[in-house]
Structures are given as structure tokens and as C-alpha cells.
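Novice: What follows is the file run.cif, containing mmCIF, C-alpha atoms and all ligand atoms:
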data_query
loop_
_atom_site.label_atom_id
_atom_site.label_comp_id
_atom_site.auth_asym_id
_atom_site.auth_seq_id
_atom_site.Cartn_x
_atom_site.Cartn_y
_atom_site.Cartn_z
CA MET A 1 -2.55 -80.27 31.28
CA THR A 2 0.57 -80.59 29.22
CA ALA A 3 3.05 -78.01 30.45
CA THR A 4 3.74 -79.89 33.64
CA SER A 5 4.72 -83.00 31.73
CA GLY A 6 7.04 -80.91 29.55
CA THR A 7 5.29 -81.74 26.29
CA PHE A 8 2.87 -79.89 24.10
CA ASP A 9 0.00 -82.14 23.11
CA VAL A 10 -1.95 -80.16 20.53
CA ALA A 11 -4.52 -82.92 19.97
CA ARG A 12 -5.32 -82.84 23.67
CA ILE A 13 -5.50 -79.03 23.64
CA ARG A 14 -7.91 -79.03 20.70
CA GLU A 15 -10.29 -81.15 22.76
CA ASP A 16 -10.75 -78.15 25.04
CA PHE A 17 -12.10 -75.94 22.23
CA PRO A 18 -15.58 -77.17 21.27
CA ILE A 19 -15.94 -74.88 18.24
CA LEU A 20 -12.97 -76.54 16.52
CA LYS A 21 -14.89 -79.82 16.23
CA GLN A 22 -17.36 -78.54 13.67
CA THR A 23 -17.41 -78.73 9.90
CA VAL A 24 -17.87 -75.65 7.72
CA ASN A 25 -19.14 -76.06 4.18
CA GLY A 26 -18.80 -79.80 4.64
CA LYS A 27 -15.10 -79.61 5.58
CA PRO A 28 -13.43 -79.70 9.00
CA LEU A 29 -13.09 -76.13 10.25
CA VAL A 30 -9.55 -74.76 9.89
CA TYR A 31 -9.60 -71.59 11.95
CA LEU A 32 -6.74 -69.29 10.98
CA ASP A 33 -8.24 -65.92 11.95
CA ASN A 34 -6.87 -65.75 15.48
CA ALA A 35 -5.52 -62.21 15.17
CA ALA A 36 -9.09 -61.00 14.71
CA THR A 37 -10.40 -63.04 17.61
CA SER A 38 -9.44 -66.37 19.12
CA GLN A 39 -11.60 -69.33 20.11
CA LYS A 40 -12.66 -70.06 23.70
CA PRO A 41 -11.82 -73.14 25.73
CA GLN A 42 -14.68 -74.93 27.51
CA SER A 43 -13.39 -73.67 30.87
CA VAL A 44 -13.99 -70.05 29.82
CA ILE A 45 -17.48 -70.88 28.55
CA ASP A 46 -18.17 -72.73 31.83
CA ALA A 47 -16.98 -69.78 33.91
CA LEU A 48 -19.43 -67.48 32.11
CA VAL A 49 -22.31 -69.91 32.56
CA ARG A 50 -21.40 -70.54 36.22
CA TYR A 51 -21.40 -66.82 36.91
CA TYR A 52 -24.85 -66.27 35.42
CA VAL A 53 -26.32 -69.46 36.88
CA THR A 54 -24.97 -69.16 40.43
CA GLU A 55 -23.90 -65.63 41.32
CA ASN A 56 -25.19 -62.97 38.91
CA SER A 57 -25.31 -59.80 40.95
CA ASN A 58 -23.89 -56.29 40.87
CA VAL A 59 -20.43 -55.77 42.32
CA HIS A 60 -19.09 -53.53 45.10
CA ARG A 61 -22.46 -52.18 46.24
CA GLY A 62 -24.22 -55.04 47.95
CA VAL A 63 -23.98 -56.60 51.38
CA HIS A 64 -25.90 -59.67 50.24
CA THR A 65 -24.14 -62.94 49.59
CA LEU A 66 -24.43 -63.04 45.80
CA SER A 67 -23.08 -59.52 45.45
CA GLN A 68 -20.15 -60.36 47.70
CA ARG A 69 -19.44 -63.51 45.74
CA ALA A 70 -19.58 -61.64 42.42
CA THR A 71 -17.33 -58.90 43.84
CA ASP A 72 -14.81 -61.45 45.12
CA ASP A 73 -14.63 -63.22 41.75
CA TYR A 74 -14.46 -59.95 39.81
CA GLU A 75 -11.59 -58.72 41.98
CA TYR A 76 -9.90 -62.12 42.02
CA ALA A 77 -9.83 -61.98 38.21
CA ARG A 78 -8.09 -58.61 38.48
CA ALA A 79 -5.42 -60.20 40.67
CA LYS A 80 -4.97 -62.96 38.06
CA VAL A 81 -4.40 -60.32 35.37
CA ARG A 82 -1.91 -58.51 37.60
CA GLN A 83 0.03 -61.71 38.11
CA PHE A 84 -0.19 -62.69 34.44
CA ILE A 85 1.51 -59.50 33.22
CA ASN A 86 3.54 -59.09 36.43
CA ALA A 87 2.21 -55.67 37.41
CA ALA A 88 3.21 -54.44 40.85
CA ASP A 89 -0.28 -53.80 42.20
CA ASP A 90 -3.93 -54.70 41.52
CA ARG A 91 -4.73 -50.97 41.46
CA GLU A 92 -2.76 -50.70 38.22
CA ILE A 93 -5.15 -53.06 36.43
CA ILE A 94 -8.13 -51.25 34.93
CA TYR A 95 -10.96 -53.10 33.27
CA VAL A 96 -11.91 -51.64 29.89
CA ARG A 97 -13.81 -52.98 26.87
CA GLY A 98 -10.66 -53.83 24.96
CA THR A 99 -7.48 -52.41 23.48
CA THR A 100 -9.42 -49.71 21.64
CA GLU A 101 -10.92 -48.39 24.84
CA GLY A 102 -7.59 -48.67 26.66
CA ILE A 103 -5.92 -46.38 24.12
CA ASN A 104 -8.86 -43.95 24.03
CA LEU A 105 -8.78 -43.77 27.82
CA VAL A 106 -5.15 -42.70 27.83
CA ALA A 107 -5.71 -40.23 24.96
CA GLN A 108 -8.68 -38.62 26.67
CA THR A 109 -7.16 -38.44 30.16
CA TYR A 110 -3.36 -38.37 30.12
CA GLY A 111 -3.41 -36.91 26.60
CA ARG A 112 -5.85 -34.10 27.25
CA GLN A 113 -4.07 -33.24 30.46
CA ASN A 114 -0.52 -33.21 29.09
CA VAL A 115 -0.62 -32.44 25.37
CA GLY A 116 -0.77 -28.83 24.21
CA ALA A 117 -0.32 -26.75 21.05
CA GLY A 118 2.91 -27.61 19.23
CA ASP A 119 3.49 -30.80 21.24
CA GLU A 120 4.14 -34.13 19.57
CA ILE A 121 3.00 -37.72 19.91
CA ILE A 122 5.00 -40.52 18.29
CA ILE A 123 3.39 -43.63 16.85
CA SER A 124 4.72 -46.07 14.26
CA ALA A 125 4.00 -46.80 10.60
CA MET A 126 2.51 -50.19 11.49
CA GLU A 127 -0.22 -49.16 13.94
CA HIS A 128 -3.76 -50.50 13.97
CA HIS A 129 -6.30 -47.71 13.37
CA SER A 130 -7.14 -47.81 17.07
CA ASN A 131 -3.61 -46.56 17.82
CA ILE A 132 -3.80 -43.82 15.18
CA VAL A 133 -7.23 -42.20 15.25
CA PRO A 134 -7.46 -41.44 19.03
CA TRP A 135 -4.17 -39.53 18.73
CA GLN A 136 -5.29 -37.73 15.58
CA ILE A 137 -8.42 -36.55 17.37
CA LEU A 138 -6.35 -35.39 20.34
CA CYS A 139 -3.83 -33.62 18.10
CA GLN A 140 -6.62 -31.85 16.20
CA GLU A 141 -8.20 -30.71 19.44
CA LYS A 142 -4.92 -29.47 20.93
CA GLY A 143 -3.03 -28.26 17.87
CA ALA A 144 -0.42 -30.97 18.42
CA HIS A 145 1.40 -33.12 15.82
CA LEU A 146 1.58 -36.83 15.14
CA LYS A 147 5.05 -38.15 14.24
CA ILE A 148 5.44 -41.52 12.54
CA VAL A 149 8.34 -43.96 12.96
CA PRO A 150 8.97 -45.43 9.48
CA MET A 151 9.70 -49.07 8.66
CA ASN A 152 11.77 -50.97 6.11
CA ASP A 153 10.53 -53.36 3.40
CA ALA A 154 10.62 -56.29 5.82
CA GLY A 155 8.23 -54.44 8.14
CA GLU A 156 10.82 -53.55 10.81
CA LEU A 157 10.80 -50.16 12.51
CA LEU A 158 13.79 -47.92 11.82
CA ILE A 159 15.03 -47.30 15.32
CA ASP A 160 17.64 -44.70 14.29
CA LYS A 161 14.82 -42.67 12.72
CA TYR A 162 12.76 -43.12 15.89
CA GLU A 163 15.60 -41.76 18.00
CA LYS A 164 15.71 -38.65 15.85
CA LEU A 165 11.95 -38.09 16.25
CA LEU A 166 12.16 -37.98 20.06
CA SER A 167 12.28 -34.35 21.15
CA ALA A 168 11.55 -31.95 23.97
CA ARG A 169 8.05 -31.60 22.45
CA THR A 170 7.27 -35.32 22.60
CA ARG A 171 4.59 -36.01 25.20
CA LEU A 172 4.01 -39.70 24.56
CA VAL A 173 5.20 -42.63 22.46
CA SER A 174 2.47 -45.15 21.60
CA VAL A 175 3.56 -48.26 19.70
CA VAL A 176 2.32 -51.70 18.90
CA HIS A 177 4.14 -54.68 20.44
CA GLN A 178 3.26 -57.12 17.65
CA SER A 179 1.77 -55.91 14.37
CA ASN A 180 -1.56 -57.49 13.41
CA ALA A 181 -0.99 -56.84 9.70
CA LEU A 182 2.67 -57.95 9.43
CA GLY A 183 3.42 -60.04 12.49
CA THR A 184 6.49 -57.93 13.34
CA ILE A 185 7.48 -58.03 17.01
CA ASN A 186 8.91 -54.63 17.82
CA PRO A 187 11.96 -54.09 20.08
CA ILE A 188 9.83 -52.39 22.69
CA LYS A 189 12.39 -52.55 25.48
CA ALA A 190 14.76 -50.41 23.40
CA ILE A 191 11.88 -48.16 22.29
CA ILE A 192 10.85 -47.60 25.91
CA GLU A 193 14.39 -47.02 27.13
CA LEU A 194 15.10 -44.42 24.45
CA ALA A 195 11.89 -42.53 25.34
CA HIS A 196 12.55 -42.78 29.07
CA ASN A 197 16.05 -41.35 28.60
CA GLN A 198 14.20 -38.15 27.72
CA GLY A 199 11.48 -38.54 30.36
CA ILE A 200 8.80 -39.48 27.81
CA PRO A 201 6.17 -42.08 28.80
CA VAL A 202 5.32 -45.03 26.54
CA LEU A 203 2.07 -46.86 25.83
CA ILE A 204 2.25 -50.38 24.41
CA ASP A 205 -0.59 -51.75 22.28
CA ALA A 206 -0.34 -55.39 23.30
CA ALA A 207 -3.49 -56.67 21.55
CA GLN A 208 -1.46 -59.15 19.49
CA SER A 209 1.38 -59.94 21.88
CA VAL A 210 -0.36 -60.89 25.14
CA PRO A 211 -1.98 -64.04 23.69
CA HIS A 212 1.31 -65.32 22.27
CA MET A 213 4.24 -64.65 24.61
CA PRO A 214 5.07 -64.26 28.31
CA ILE A 215 4.70 -60.64 29.46
CA ASP A 216 6.37 -58.75 32.28
CA VAL A 217 5.33 -55.08 32.38
CA GLN A 218 7.75 -54.24 35.17
CA GLU A 219 10.69 -55.64 33.28
CA MET A 220 9.48 -53.86 30.12
CA ASP A 221 9.06 -50.68 32.19
CA CYS A 222 6.20 -49.39 29.99
CA ASP A 223 3.97 -46.69 31.47
CA PHE A 224 0.75 -47.97 29.87
CA PHE A 225 -0.03 -51.36 28.37
CA THR A 226 -3.36 -52.45 26.94
CA PHE A 227 -4.90 -55.61 25.50
CA SER A 228 -8.21 -57.32 24.67
CA GLY A 229 -9.65 -60.37 26.42
CA HIS A 230 -11.20 -61.81 23.25
CA LYS A 231 -7.82 -62.30 21.57
CA LEU A 232 -6.54 -64.06 24.71
CA TYR A 233 -9.13 -66.88 24.47
CA GLY A 234 -11.46 -64.90 26.74
CA PRO A 235 -14.83 -63.20 26.15
CA THR A 236 -15.50 -60.14 24.00
CA GLY A 237 -16.23 -56.81 25.66
CA ILE A 238 -13.49 -57.03 28.28
CA GLY A 239 -9.91 -55.83 28.16
CA ILE A 240 -7.22 -54.36 30.34
CA LEU A 241 -5.40 -51.09 30.64
CA TYR A 242 -2.33 -51.35 32.82
CA GLY A 243 -0.82 -48.08 34.01
CA LYS A 244 1.91 -47.30 36.50
CA THR A 245 0.36 -46.06 39.75
CA GLU A 246 2.13 -42.71 39.62
CA MET A 247 0.73 -42.08 36.13
CA LEU A 248 -2.82 -43.20 36.93
CA GLU A 249 -2.94 -41.21 40.18
CA LYS A 250 -2.28 -37.95 38.33
CA MET A 251 -4.78 -38.56 35.55
CA PRO A 252 -8.37 -37.27 35.60
CA PRO A 253 -11.23 -39.78 35.31
CA TYR A 254 -12.25 -41.05 31.87
CA GLN A 255 -15.99 -41.54 32.18
CA ALA A 256 -18.14 -40.27 35.06
CA GLY A 257 -20.96 -41.91 36.99
CA GLY A 258 -21.40 -44.57 39.63
CA GLU A 259 -18.45 -46.55 41.04
CA MET A 260 -15.84 -43.93 40.14
CA ILE A 261 -16.80 -41.59 43.00
CA ARG A 262 -16.10 -41.54 46.72
CA SER A 263 -18.71 -38.88 47.52
CA VAL A 264 -21.00 -36.64 45.54
CA THR A 265 -22.75 -33.40 46.43
CA PHE A 266 -24.14 -30.88 43.96
CA GLU A 267 -21.18 -28.67 44.82
CA LYS A 268 -18.33 -31.16 44.65
CA THR A 269 -17.45 -34.76 43.82
CA LEU A 270 -14.52 -36.70 45.26
CA TYR A 271 -13.21 -39.45 43.03
CA ASN A 272 -12.74 -43.04 44.06
CA VAL A 273 -9.33 -44.64 44.56
CA LEU A 274 -7.56 -46.64 41.84
CA PRO A 275 -8.59 -48.62 39.89
CA HIS A 276 -12.25 -47.67 40.45
CA LYS A 277 -11.64 -44.04 39.46
CA PHE A 278 -11.49 -45.32 35.87
CA GLU A 279 -14.34 -47.82 36.05
CA ALA A 280 -17.56 -45.80 35.89
CA GLY A 281 -20.86 -47.69 35.88
CA THR A 282 -21.67 -51.37 36.15
CA PRO A 283 -18.71 -53.18 34.63
CA ASN A 284 -18.55 -56.31 32.48
CA ILE A 285 -18.52 -58.62 35.49
CA ALA A 286 -19.00 -61.87 33.57
CA GLY A 287 -16.35 -60.75 31.06
CA ALA A 288 -13.80 -60.11 33.79
CA ILE A 289 -14.46 -63.51 35.35
CA GLY A 290 -14.23 -65.13 31.90
CA LEU A 291 -10.92 -63.36 31.29
CA GLY A 292 -9.65 -64.73 34.60
CA ALA A 293 -10.62 -68.24 33.44
CA ALA A 294 -8.80 -67.67 30.12
CA ILE A 295 -5.67 -66.67 32.02
CA ASP A 296 -5.95 -69.80 34.17
CA TYR A 297 -6.17 -71.82 30.99
CA VAL A 298 -3.12 -70.40 29.20
CA ASN A 299 -1.13 -70.51 32.44
CA GLN A 300 -1.90 -74.18 32.68
CA VAL A 301 -0.65 -74.75 29.14
CA GLY A 302 2.32 -72.43 29.77
CA MET A 303 3.02 -69.23 27.84
CA GLU A 304 6.58 -70.37 27.05
CA TYR A 305 5.23 -73.56 25.49
CA ILE A 306 2.65 -71.58 23.54
CA ALA A 307 5.31 -69.19 22.20
CA ALA A 308 7.70 -72.00 21.21
CA TYR A 309 4.98 -74.09 19.56
CA GLU A 310 3.63 -71.14 17.58
CA LYS A 311 7.15 -70.19 16.46
CA ALA A 312 7.68 -73.69 15.05
CA LEU A 313 4.30 -73.50 13.33
CA LEU A 314 5.18 -70.09 11.87
CA ASN A 315 8.46 -71.43 10.50
CA TYR A 316 6.67 -74.37 8.92
CA GLY A 317 3.99 -72.10 7.41
CA THR A 318 6.59 -69.63 6.12
CA ASP A 319 8.52 -72.46 4.43
CA CYS A 320 5.39 -73.88 2.80
CA LEU A 321 4.04 -70.52 1.59
CA SER A 322 7.44 -69.40 0.29
CA ARG A 323 7.42 -72.31 -2.14
CA ILE A 324 4.23 -71.16 -3.87
CA GLU A 325 4.95 -69.33 -7.09
CA GLY A 326 3.48 -65.85 -7.23
CA LEU A 327 2.87 -65.72 -3.49
CA LYS A 328 4.47 -62.79 -1.70
CA LEU A 329 4.71 -62.64 2.07
CA ILE A 330 4.02 -59.16 3.40
CA GLY A 331 5.94 -58.85 6.66
CA THR A 332 9.24 -60.69 6.82
CA ALA A 333 10.73 -59.22 9.98
CA ARG A 334 13.42 -61.24 11.77
CA GLU A 335 11.37 -61.04 14.99
CA LYS A 336 7.91 -62.18 14.05
CA GLY A 337 4.76 -63.62 15.61
CA ALA A 338 2.66 -66.33 13.98
CA ILE A 339 1.02 -64.19 11.30
CA LEU A 340 1.24 -64.99 7.59
CA SER A 341 0.08 -62.05 5.50
CA PHE A 342 0.39 -62.47 1.76
CA THR A 343 -0.64 -61.52 -1.73
CA LEU A 344 -1.02 -64.00 -4.59
CA GLY A 345 -0.22 -62.55 -8.00
CA ASP A 346 -3.20 -60.61 -9.33
CA VAL A 347 -5.79 -62.55 -7.34
CA HIS A 348 -7.75 -60.24 -5.05
CA PRO A 349 -7.44 -61.27 -1.41
CA HIS A 350 -11.25 -61.36 -1.08
CA ASP A 351 -11.36 -64.05 -3.77
CA ILE A 352 -8.69 -66.01 -1.88
CA GLY A 353 -10.76 -65.74 1.31
CA THR A 354 -13.96 -66.81 -0.43
CA ILE A 355 -12.42 -69.86 -2.09
CA LEU A 356 -10.70 -70.90 1.15
CA ASP A 357 -13.99 -70.53 3.02
CA ALA A 358 -15.57 -73.02 0.65
CA GLU A 359 -12.82 -75.41 1.87
CA GLY A 360 -13.70 -74.72 5.52
CA ILE A 361 -10.65 -72.50 6.01
CA ALA A 362 -11.17 -69.20 7.84
CA ILE A 363 -8.64 -66.48 7.10
CA ARG A 364 -9.02 -62.69 7.03
CA THR A 365 -8.70 -60.53 3.96
CA GLY A 366 -8.57 -56.76 3.65
CA HIS A 367 -6.54 -53.97 5.18
CA HIS A 368 -6.73 -55.39 8.72
CA CYS A 369 -7.56 -51.95 10.18
CA ALA A 370 -4.06 -50.87 9.18
CA GLN A 371 -4.55 -48.92 5.96
CA PRO A 372 -1.23 -47.02 6.28
CA VAL A 373 0.56 -50.41 6.29
CA MET A 374 -1.12 -51.35 3.01
CA GLU A 375 -0.17 -47.96 1.58
CA ARG A 376 3.45 -48.46 2.69
CA PHE A 377 3.60 -51.74 0.74
CA GLY A 378 1.65 -50.36 -2.22
CA ILE A 379 -1.17 -52.89 -2.02
CA PRO A 380 -4.90 -52.53 -1.28
CA ALA A 381 -5.17 -55.60 0.92
CA THR A 382 -3.62 -58.89 1.97
CA ALA A 383 -4.84 -62.37 2.80
CA ARG A 384 -3.85 -63.14 6.40
CA ALA A 385 -3.59 -66.47 8.17
CA SER A 386 -3.00 -65.90 11.87
CA LEU A 387 -2.13 -68.87 14.05
CA ALA A 388 -2.83 -69.93 17.60
CA PHE A 389 -1.48 -72.75 19.77
CA TYR A 390 -4.39 -75.03 18.84
CA ASN A 391 -3.50 -74.92 15.15
CA THR A 392 -1.57 -77.78 13.56
CA ARG A 393 0.80 -78.54 10.71
CA GLU A 394 -2.06 -80.43 9.07
CA GLU A 395 -4.06 -77.21 9.05
CA ILE A 396 -1.18 -75.38 7.39
CA ASP A 397 -1.15 -78.19 4.79
CA ALA A 398 -4.89 -77.64 4.28
CA LEU A 399 -4.21 -73.92 3.76
CA ILE A 400 -1.58 -74.73 1.13
CA LYS A 401 -3.99 -77.09 -0.63
CA GLY A 402 -6.63 -74.36 -0.49
CA ILE A 403 -4.23 -71.86 -2.08
CA ASP A 404 -3.47 -74.43 -4.82
CA ARG A 405 -7.21 -74.53 -5.42
CA VAL A 406 -7.29 -70.71 -5.70
CA LEU A 407 -4.49 -70.87 -8.26
CA GLU A 408 -6.40 -73.54 -10.19
CA VAL A 409 -9.52 -71.37 -10.34
CA PHE A 410 -7.56 -68.34 -11.53
CA SER A 411 -5.21 -70.12 -13.93
C1 LIG B 501 -2.62 -54.43 17.09
C2 LIG B 501 -4.05 -54.18 17.46
N1 LIG B 501 -4.36 -53.12 18.20
C3 LIG B 501 -5.62 -52.87 18.57
C4 LIG B 501 -6.65 -53.69 18.19
C5 LIG B 501 -8.04 -53.37 18.63
O1 LIG B 501 -8.52 -54.35 19.49
P1 LIG B 501 -10.04 -54.38 19.95
O2 LIG B 501 -10.86 -54.30 18.67
O3 LIG B 501 -10.19 -55.65 20.66
O4 LIG B 501 -10.25 -53.19 20.80
C6 LIG B 501 -6.39 -54.80 17.40
C7 LIG B 501 -7.47 -55.67 16.92
O5 LIG B 501 -7.34 -56.38 15.96
C8 LIG B 501 -5.04 -55.06 17.03
O6 LIG B 501 -4.72 -56.12 16.29
#
Let me see the structure of the file written as C-alpha cells.
Specialist:
Amino acid sequence: MTATSGTFDVARIREDFPILKQTVNGKPLVYLDNAATSQKPQSVIDALVRYYVTENSNVHRGVHTLSQRATDDYEYARAKVRQFINAADDREIIYVRGTTEGINLVAQTYGRQNVGAGDEIIISAMEHHSNIVPWQILCQEKGAHLKIVPMNDAGELLIDKYEKLLSARTRLVSVVHQSNALGTINPIKAIIELAHNQGIPVLIDAAQSVPHMPIDVQEMDCDFFTFSGHKLYGPTGIGILYGKTEMLEKMPPYQAGGEMIRSVTFEKTLYNVLPHKFEAGTPNIAGAIGLGAAIDYVNQVGMEYIAAYEKALLNYGTDCLSRIEGLKLIGTAREKGAILSFTLGDVHPHDIGTILDAEGIAIRTGHHCAQPVMERFGIPATARASLAFYNTREEIDALIKGIDRVLEVFS
């Protein structure tokens, strides 16, 4: 595609996403809800169809040809993921349903094993509910405490406050890489280093970062790292938990059943080797293969190109929105991904979303599964436009026109 020629041809890229060609409410679709889920290129759709049409079969258990083919493709996709995030070993790549399951897995295995009464887990003030509630449940069960890293009015974490929270009782730090509600990109290398100085492991919620920037988990040195396939232009129902081998080896299994065992008698069960120890039951084979195809696709475009293009689009969108009277951007961190969260005077975000929908523009409104963020900013909800590399300046212009229309209706 385009990366090899050193240019970024968005018109050409859009051709690869069939859903973008449609009209909604009589207007060309402007899809700006990519933080919720992103659209799928034809190659991902084709990979799913090819799997079901030519090789549908269960993995790992069959000697027949289809089963071997399905197993090869399923495991090949794992290798693609390993390469994509630069993990050291395929055994460190565990298939899960998505970020939510990745975090719950760590809470229920590492957490249950290592957290006791009076211990502490640190998260941040800008977490998605899926990086809050699993830890609350664990803390309730164990009599442990959740500590929260605060943020400033721009939506940036206060790292000096974080440093003070780290203690001999801290068992884990679990923070988001890029906030879905604010767009903030957190300084996770510093966050990890500070925790590691005290021997504390770190989990990174990468749901919003993996689709938008190059990732190197070894360079980052995180202990756990989790993301969802459906935000990375892949299918729903598939995601990844990366864990360092030495962490995963020590952890008990998450779910129990087929695949995760080496041998079973009524007296004793021996668990399977990594990564299968954490993959009980028939997995989402098609999803894994689809995720592999999504990775092939973004690799072909080039993650550096994607990041640079989206940054330019964010700057353009920020400029345009900042000029609208009464519009307030929520989330103005210096390091920011392509998310534009805002309020518009007294207009309820749901009304903004409804009027924009009539114009064919899809944004998200509400608390974005981050109610504590809304509380921090003293608002019930925001309207959020979240961008992807197939979005254009013209679509930002359409958003601005749509907001003008909202203002007209409410004037
Ligand atoms: C930052 C963040 N973490 C976690 C999640 C949960 O992802 P999933 O619903 O795919 O498990 C999301 C989804 O929006 C998110 O934005």
C-alpha cells in the first residue's frame, strides 16, 4: 500500500473499508466513534470468510488436515501479535476476549495469589471501568485497598503524587496507556520504571494505544499489557494479554477445562504449558485469524504513518473545535491521542449526538465507561469524536458544520 512509497493516501485507504461507503440518514457516513470500536478493512472480513469457508475446524486436537490448517493459522496469528508488540516469545501472548478479560485474568490469578489484607493496588483517576471494578472486587475479597493517582485539569497524571503512593504494600500498578475519555497519553515508561524501582509489577491497559502508535513491550518493560482486537480494526470477541514469561509461569490458571491441561485424573490435574494454561476451552479461532489479518493490514500501512497522520488530524480538529464559542474541550494534555471530548454550553451531549446522527455523523456521548473522569471534571457526560487513520479533514469539517447545526437548534 502506501507506506512503502512514503506517502499516506487516505483516499486509497478508505477504499479498503467497505462500511465507509454508505450513507446514513441520507448523508455520507462520517464515522468518528473509533475509540468505541473501529471499522474493518476488506482483508479482515475476507480472512474471516476464508476461515469458515475453507478450514473451519477445532484447533490443537485433530490429526486431520483441516484441524492442522486451523491450528497453524491460529498459532501463526499469535506469532504476528508477538512481532507486532515486540514480545520476546509466543508463549507470552495469551488470547482473551478483549481488554476487559485481560485485566480480569490478571486480577483473578496474579491478584488473588499475591494480594492480601492491607495490601494496595494503584490505578489512576482516568481509568475505564474495566480497570477499576476488577480491582475493587479483588480488594473487597482480600481486604486490600485501591489507591488512585490524581490528575490535573488538563487530564495529566500527577507523577509526583504517584511516586508518593508507591509503598511496600503496593502489589501492582495498573494504568491506562491512552485514556478513552480524555485522549491523554500517559508517560508509562516513567510510571513503570518508578514501580520497578520498588519491585512492583505494572499492567498497561493498551485498549486505546495499540491501534494508534507503534508498541514495543520489551522496551516499555511492562509486566502485563492487554488490548482488544476490535479497536485494532479486527473482529470483536478477541483480544490479547501479554505477560512476561516469569510472571505467567508463576500464576495459577484463570479458567479450567479442555486445552489448559496436560493430564487429568480424578486425583490430580497437571496444567498445560504457556500460553495454553490460560486458554481453557475452544478459543475464538476465527477471531484470532482475523486479528492476524488486521495486524497485517496496519503493518502494511505502517504504524508510524498512522500515528503521524492521526496527530495532524487531531491538531486540525483541536484548532477547529477551539474556535467554537461555548465549546469546551475536556482533555487538553500535552501528550494526546486523536480523541476530541467536549461539552457545548448547556446542550446535553445526547442531544449533540442525536443531531449529528441526523447528519450522518457518528460520535459517542455519555460517560464513556469512565464515570470517575466525569466526576473529576464536574460534568455528567461529554460528546466524543474519536479519530482513526481513515478519517479526513473533510470529515472534521462536517463535524464542525454539524455542531453549528446543534447551536442553531438550541439558539
Ligand atoms: C481504555 C479502555 N480500557 C478498556 C476498555 C475495554 O475494552 P473491551 O470492551 O474491548 O474489553 C476500553 C473500551 O472502550 C477502553 O477504552
Novice: Rank A:Tyr297, A:Tyr31, A:Tyr233, A:Tyr162 by their smallest atom-to-atom distance to ligand LIG 501 (chain B), using only C-alpha atoms and all ligand atoms, and report the top residue only.
Specialist: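 For ligand LIG 501 (chain B), the nearest of the given residues is A:Tyr233.
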Novice: Ligand LIG 501 (chain B): which residues are within 9 Å, counting only C-alpha atoms and all ligand atoms, as a PyMOL selection string?
Specialist: chain A and resi 35-37+97-103+126-131+176-181+205-209+226-231+236-239+368-370
Novice: May I have the residues within 12 Å of A:Val409 as a list of chain:residue names, using only C-alpha atoms and disregarding those fewer than 6 positions away in the same chain?
Specialist: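 My list of contacting residues is A:Val347, A:Asp351, A:Ile352, A:Thr354, A:Ile355, A:Leu356, A:Gly402, A:Ile403.
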Novice: Work out how far atom CA of A:Arg50 is from atom CA of A:Val63, in Å to one decimal.
Specialist: 20.8 Å
Novice: Using all atoms listed in the file, which of A:Gln22, A:Pro211, A:Ser67, A:Tyr52 sits nearest A:Asn299?
Specialist: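 The answer is A:Pro211, which sits nearest to A:Asn299.
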Novice: From the set A:Gly378, A:Val210, A:Asn114, A:Leu166, which residue has the shortest atom-to-atom contact distance to A:Lys250, counting all atoms listed in the file?
Specialist: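 Among the listed residues, A:Asn114 lies closest to A:Lys250.
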